[in-house]
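S.K.: Pasting in a structure now, in structure tokens, and then I'll have a few things to ask.
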Amino acid sequence: MNSAPATSAATDGLIADLERASSTIELLQATAALARTADPAAAAALVQVLGFNNPGAAVAAVDGLIAIGPAAVDQLLQLDPRNYGARAWAVRALAGIGDVRGLDLLVEALLTDVGPSVRRAAAKGLGCLRLQTLPADERPAIEQRCLEALVEAVSDGEWVVRYAVAVGLEGLAKDIAWPIEHPSRGYTCAALGRLSDAAHEDTPVVRLRAALALQRLPSF
Amino acid sequence: MAGEPINEDEALARLRDSADPSMQYYGAWWLGRNRSQHPEAVPLLIEALQQRRPRDPGAGVEENAVARNAARALGKLAPAALAAVPELLAALADADDGLREAAARALGDLRAPEAVAPICTRLAGGPAVAGARQNASPRLMEPCEALLEALGDIGAATPEVLGVIEPFMAHDWPLIRSAAARALLQLSGEPRWAQPLLELLNDSQLQVRRAALMDLGAAGWRPAAAAISATLAENSLKLIALRGLIENGRGEPADEALLQTMDDLL
């Protein structure tokens, strides 16, 4: 976008358009227009769209929420856990934003969600939380939780989730300067080793991705 | 209940219990899904493949449901299930077109060369006969999609087989054209058969775009990677298609570039 950031008045107008939308196509167009503003004032309305059971509009809303970034996290975390469809989209948005406040929801989604596409997004998201923004003394505990969840998900029944776990482990490990003797190095290496080993992993593309991750982490 | 987790012994026991078709149906599915290596699995599935039972509207179960599921399971149990090829060939001649469909898919999964001639015979009338609509039904006279895909999977690239498939590129239904193009691309490797599939990725119907994604993946046509990534469909299906390009295809884009495309869709 070359245009200047939308003013709040413009955002209000787009929110009103969204509320007036009366067909699938109007909802999609209004959501996409609102998403393009990347205005934090649009977050609540975009989160509402996640619950409309309209995949096209939800994809546009997730893109908008990721563009808004950390300012959208509070709204996403306030979603009713019983609204399953909306929560599944929220996991994708939180995974894309990478804010550490999404950690609990991402861990829970990876280990318990019934939808493989939700677990897949959560696994990738746990590998790209922006941990460098944390105070140094808080980082190790958070890193540990991400690692433990990803290692547990190595035995997920769906190949695409295991694929995403390999991607998540690579993302996590490449941003962390574990001392050479640190046990987390061993866990990460063992988990990726398992995913790259035909004796344990029957999906060729998962083995290939895990082997690539090991190759990209030369100190492992 | 049928939906709860069970183990291999329980699945075999359910398949043996011919008094309860819904239990047999689930037992057959379980053995295929879990790639059972148990020596009794294939003989029991062959027995279940003989079962004929009309559709029971109250139970919400399809006609010959147990036999159809037994065929599907056998397709997943190579190499042990190669022993079932004669029975699957018999099922390919059954009056129930749904059972013929399941048998064709299984024979394709098993890469059974014996199936090529009978499948070609069923398709020989072309789109106007094998591909004609059954009266007052959304089904065709033959399960053309499954038959065409099986020919591509089995991989006998003779001029006769190509000659049987090619007329289906003129079928009215995009799903049939997609299956024909996939088989021709698999068998001949000629880029001209990829073009119709790339065009179907832009079809107005989601169902057709999904089929074209699966067909490009099955054919392993790597030049389609960028078009697959940009298709208006669920990322789950694009990921399956891209997995197919990596596992079934060769050449450019190379593995690492394709893996990056997959990473971006997670």
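By order in the structure tokens, chains are A, B, ...; within a chain, residues start at 1; ligands start at 1, following the order shown.
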Using only C-alpha atoms, find each residue in chain A having at least one atom no more than 7 Å away from chain B; report its shortest atom-to-atom pair and that distance in Å (one decimal), rows by chain then rising number, as CSV.

M.R.:
residue,atom,partner,partner_atom,distance
A:Ser117,CA,B:Ser236,CA,6.7
A:Arg120,CA,B:Leu266,CA,6.3
A:Ala121,CA,B:Leu266,CA,5.6
A:Lys124,CA,B:Leu266,CA,6.7
A:Ala164,CA,B:Leu266,CA,6.8
A:Pro204,CA,B:Glu247,CA,6.9
A:Val205,CA,B:Arg243,CA,6.3
A:Arg209,CA,B:Leu259,CA,6.9

S.K.: Deliver the residues from the most recent selection as a file, using N, CA and C atoms, as a PDB file, in the first residue's frame.

M.R.:
ATOM      1  N   SER A 117      -5.334 -28.499  10.540  1.00  0.00           N
ATOM      2  CA  SER A 117      -4.865 -27.216  10.004  1.00  0.00           C
ATOM      3  C   SER A 117      -4.603 -26.222  11.139  1.00  0.00           C
ATOM      4  N   ARG A 120      -1.280 -27.425  12.769  1.00  0.00           N
ATOM      5  CA  ARG A 120      -0.210 -27.064  11.836  1.00  0.00           C
ATOM      6  C   ARG A 120       0.184 -25.596  12.017  1.00  0.00           C
ATOM      7  N   ALA A 121      -0.799 -24.718  12.075  1.00  0.00           N
ATOM      8  CA  ALA A 121      -0.506 -23.286  12.232  1.00  0.00           C
ATOM      9  C   ALA A 121       0.137 -23.029  13.587  1.00  0.00           C
ATOM     10  N   LYS A 124       3.888 -24.028  13.592  1.00  0.00           N
ATOM     11  CA  LYS A 124       4.724 -23.035  12.926  1.00  0.00           C
ATOM     12  C   LYS A 124       4.852 -21.792  13.804  1.00  0.00           C
ATOM     13  N   ALA A 164       5.067 -29.314  10.013  1.00  0.00           N
ATOM     14  CA  ALA A 164       5.105 -27.986  10.642  1.00  0.00           C
ATOM     15  C   ALA A 164       5.941 -28.004  11.916  1.00  0.00           C
ATOM     16  N   PRO A 204       7.733 -39.224   3.208  1.00  0.00           N
ATOM     17  CA  PRO A 204       9.018 -38.739   2.677  1.00  0.00           C
ATOM     18  C   PRO A 204       9.210 -37.230   2.812  1.00  0.00           C
ATOM     19  N   VAL A 205       8.158 -36.439   2.581  1.00  0.00           N
ATOM     20  CA  VAL A 205       8.373 -34.983   2.588  1.00  0.00           C
ATOM     21  C   VAL A 205       8.681 -34.478   3.999  1.00  0.00           C
ATOM     22  N   ARG A 209      12.100 -32.451   4.998  1.00  0.00           N
ATOM     23  CA  ARG A 209      12.070 -31.148   5.671  1.00  0.00           C
ATOM     24  C   ARG A 209      12.880 -31.178   6.965  1.00  0.00           C
TER      25      ARG A 209
END

S.K.: Extract, using only C-alpha atoms, all DNA, RNA and protein residues at most 10 Å from A:Glu143, discarding same-chain residues fewer than 2 positions from it, and format them as a PDB file with N, CA and C atoms, in the first residue's frame.

M.R.:
ATOM      1  N   LEU A 126       4.728 -21.486  17.057  1.00  0.00           N
ATOM      2  CA  LEU A 126       5.613 -21.662  18.217  1.00  0.00           C
ATOM      3  C   LEU A 126       7.076 -21.538  17.825  1.00  0.00           C
ATOM      4  N   GLY A 127       7.365 -21.706  16.541  1.00  0.00           N
ATOM      5  CA  GLY A 127       8.749 -21.563  16.094  1.00  0.00           C
ATOM      6  C   GLY A 127       9.103 -20.144  15.719  1.00  0.00           C
ATOM      7  N   LEU A 129       7.737 -17.158  17.503  1.00  0.00           N
ATOM      8  CA  LEU A 129       7.410 -16.120  18.488  1.00  0.00           C
ATOM      9  C   LEU A 129       8.603 -15.167  18.581  1.00  0.00           C
ATOM     10  N   LEU A 131      10.786 -13.827  20.537  1.00  0.00           N
ATOM     11  CA  LEU A 131      11.323 -13.947  21.895  1.00  0.00           C
ATOM     12  C   LEU A 131      12.359 -12.875  22.195  1.00  0.00           C
ATOM     13  N   GLU A 138      13.479 -13.732  31.319  1.00  0.00           N
ATOM     14  CA  GLU A 138      12.203 -14.422  31.074  1.00  0.00           C
ATOM     15  C   GLU A 138      12.277 -15.392  29.905  1.00  0.00           C
ATOM     16  N   ARG A 139      13.299 -15.253  29.098  1.00  0.00           N
ATOM     17  CA  ARG A 139      13.330 -16.025  27.852  1.00  0.00           C
ATOM     18  C   ARG A 139      13.450 -17.536  28.043  1.00  0.00           C
ATOM     19  N   PRO A 140      14.366 -18.010  28.910  1.00  0.00           N
ATOM     20  CA  PRO A 140      14.571 -19.466  28.954  1.00  0.00           C
ATOM     21  C   PRO A 140      13.294 -20.260  29.258  1.00  0.00           C
ATOM     22  N   ALA A 141      12.451 -19.763  30.166  1.00  0.00           N
ATOM     23  CA  ALA A 141      11.242 -20.516  30.519  1.00  0.00           C
ATOM     24  C   ALA A 141      10.274 -20.592  29.338  1.00  0.00           C
ATOM     25  N   ARG A 145       9.014 -23.922  27.097  1.00  0.00           N
ATOM     26  CA  ARG A 145       7.625 -24.332  26.831  1.00  0.00           C
ATOM     27  C   ARG A 145       7.394 -24.567  25.346  1.00  0.00           C
ATOM     28  N   CYS A 146       7.922 -23.682  24.518  1.00  0.00           N
ATOM     29  CA  CYS A 146       7.794 -23.873  23.057  1.00  0.00           C
ATOM     30  C   CYS A 146       8.423 -25.202  22.658  1.00  0.00           C
ATOM     31  N   LEU A 147       9.620 -25.445  23.156  1.00  0.00           N
ATOM     32  CA  LEU A 147      10.355 -26.651  22.768  1.00  0.00           C
ATOM     33  C   LEU A 147       9.623 -27.905  23.223  1.00  0.00           C
ATOM     34  N   GLU A 148       9.147 -27.898  24.474  1.00  0.00           N
ATOM     35  CA  GLU A 148       8.470 -29.095  24.987  1.00  0.00           C
ATOM     36  C   GLU A 148       7.215 -29.415  24.180  1.00  0.00           C
ATOM     37  N   LEU A 172      12.670 -22.120  16.009  1.00  0.00           N
ATOM     38  CA  LEU A 172      12.993 -21.892  17.422  1.00  0.00           C
ATOM     39  C   LEU A 172      14.502 -21.958  17.650  1.00  0.00           C
ATOM     40  N   ALA A 173      15.127 -23.015  17.116  1.00  0.00           N
ATOM     41  CA  ALA A 173      16.547 -23.252  17.398  1.00  0.00           C
ATOM     42  C   ALA A 173      17.442 -22.198  16.753  1.00  0.00           C
ATOM     43  N   ILE A 176      17.926 -19.107  19.020  1.00  0.00           N
ATOM     44  CA  ILE A 176      18.342 -19.259  20.407  1.00  0.00           C
ATOM     45  C   ILE A 176      19.814 -19.647  20.460  1.00  0.00           C
ATOM     46  N   SER A 184      18.630 -28.613  25.818  1.00  0.00           N
ATOM     47  CA  SER A 184      17.665 -28.301  24.758  1.00  0.00           C
ATOM     48  C   SER A 184      18.222 -28.590  23.367  1.00  0.00           C
TER      49      SER A 184
END

S.K.: Please list as number ranges by chain every residue within 6 Å of A:Val62, counting only C-alpha atoms and excluding residues in the same chain fewer than 3 positions away.

M.R.: A: 59, 65, 93

S.K.: What gap, in Å, lies between atom CA of B:Gln50 and atom CA of B:Leu99?

M.R.: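 These two atoms are separated by 10.8 Å.
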
S.K.: Excluding stretch 218-229 of chain B and any residue of its chain fewer than 4 positions from it, enumerate the residues within 9 Å of it, using only C-alpha atoms, and give them as a PyMOL selection string.

M.R.: chain B and resi 152-153+182-183+185-187+189+191+194+198+201+213-214+235+238-239+241-254+258+261-262+265

S.K.: Which one of A:Val118, A:Leu94, A:Ile180, A:Ala9 sits closest to A:Val161 if you count only C-alpha atoms?

M.R.: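 Among the listed residues, the smallest separation from A:Val161 belongs to A:Val118.
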
S.K.: Which residues, written as a list in words, have at least one atom at most 10 Å from A:Ala213, with only C-alpha atoms counted and residues fewer than 5 positions away on the same chain left out?

M.R.: Ala166, Val167, Gly168, Leu169, Glu170, Gly171, Ala173, Lys174, Cys189, Leu192, Gly193, Ser196, Arg207, Leu208, Pro218 and Phe220 of chain A

S.K.: Quick one: distance from atom CA of A:Leu214 to atom CA of A:Asp202 in Å, one decimal?

M.R.: 18.0 Å
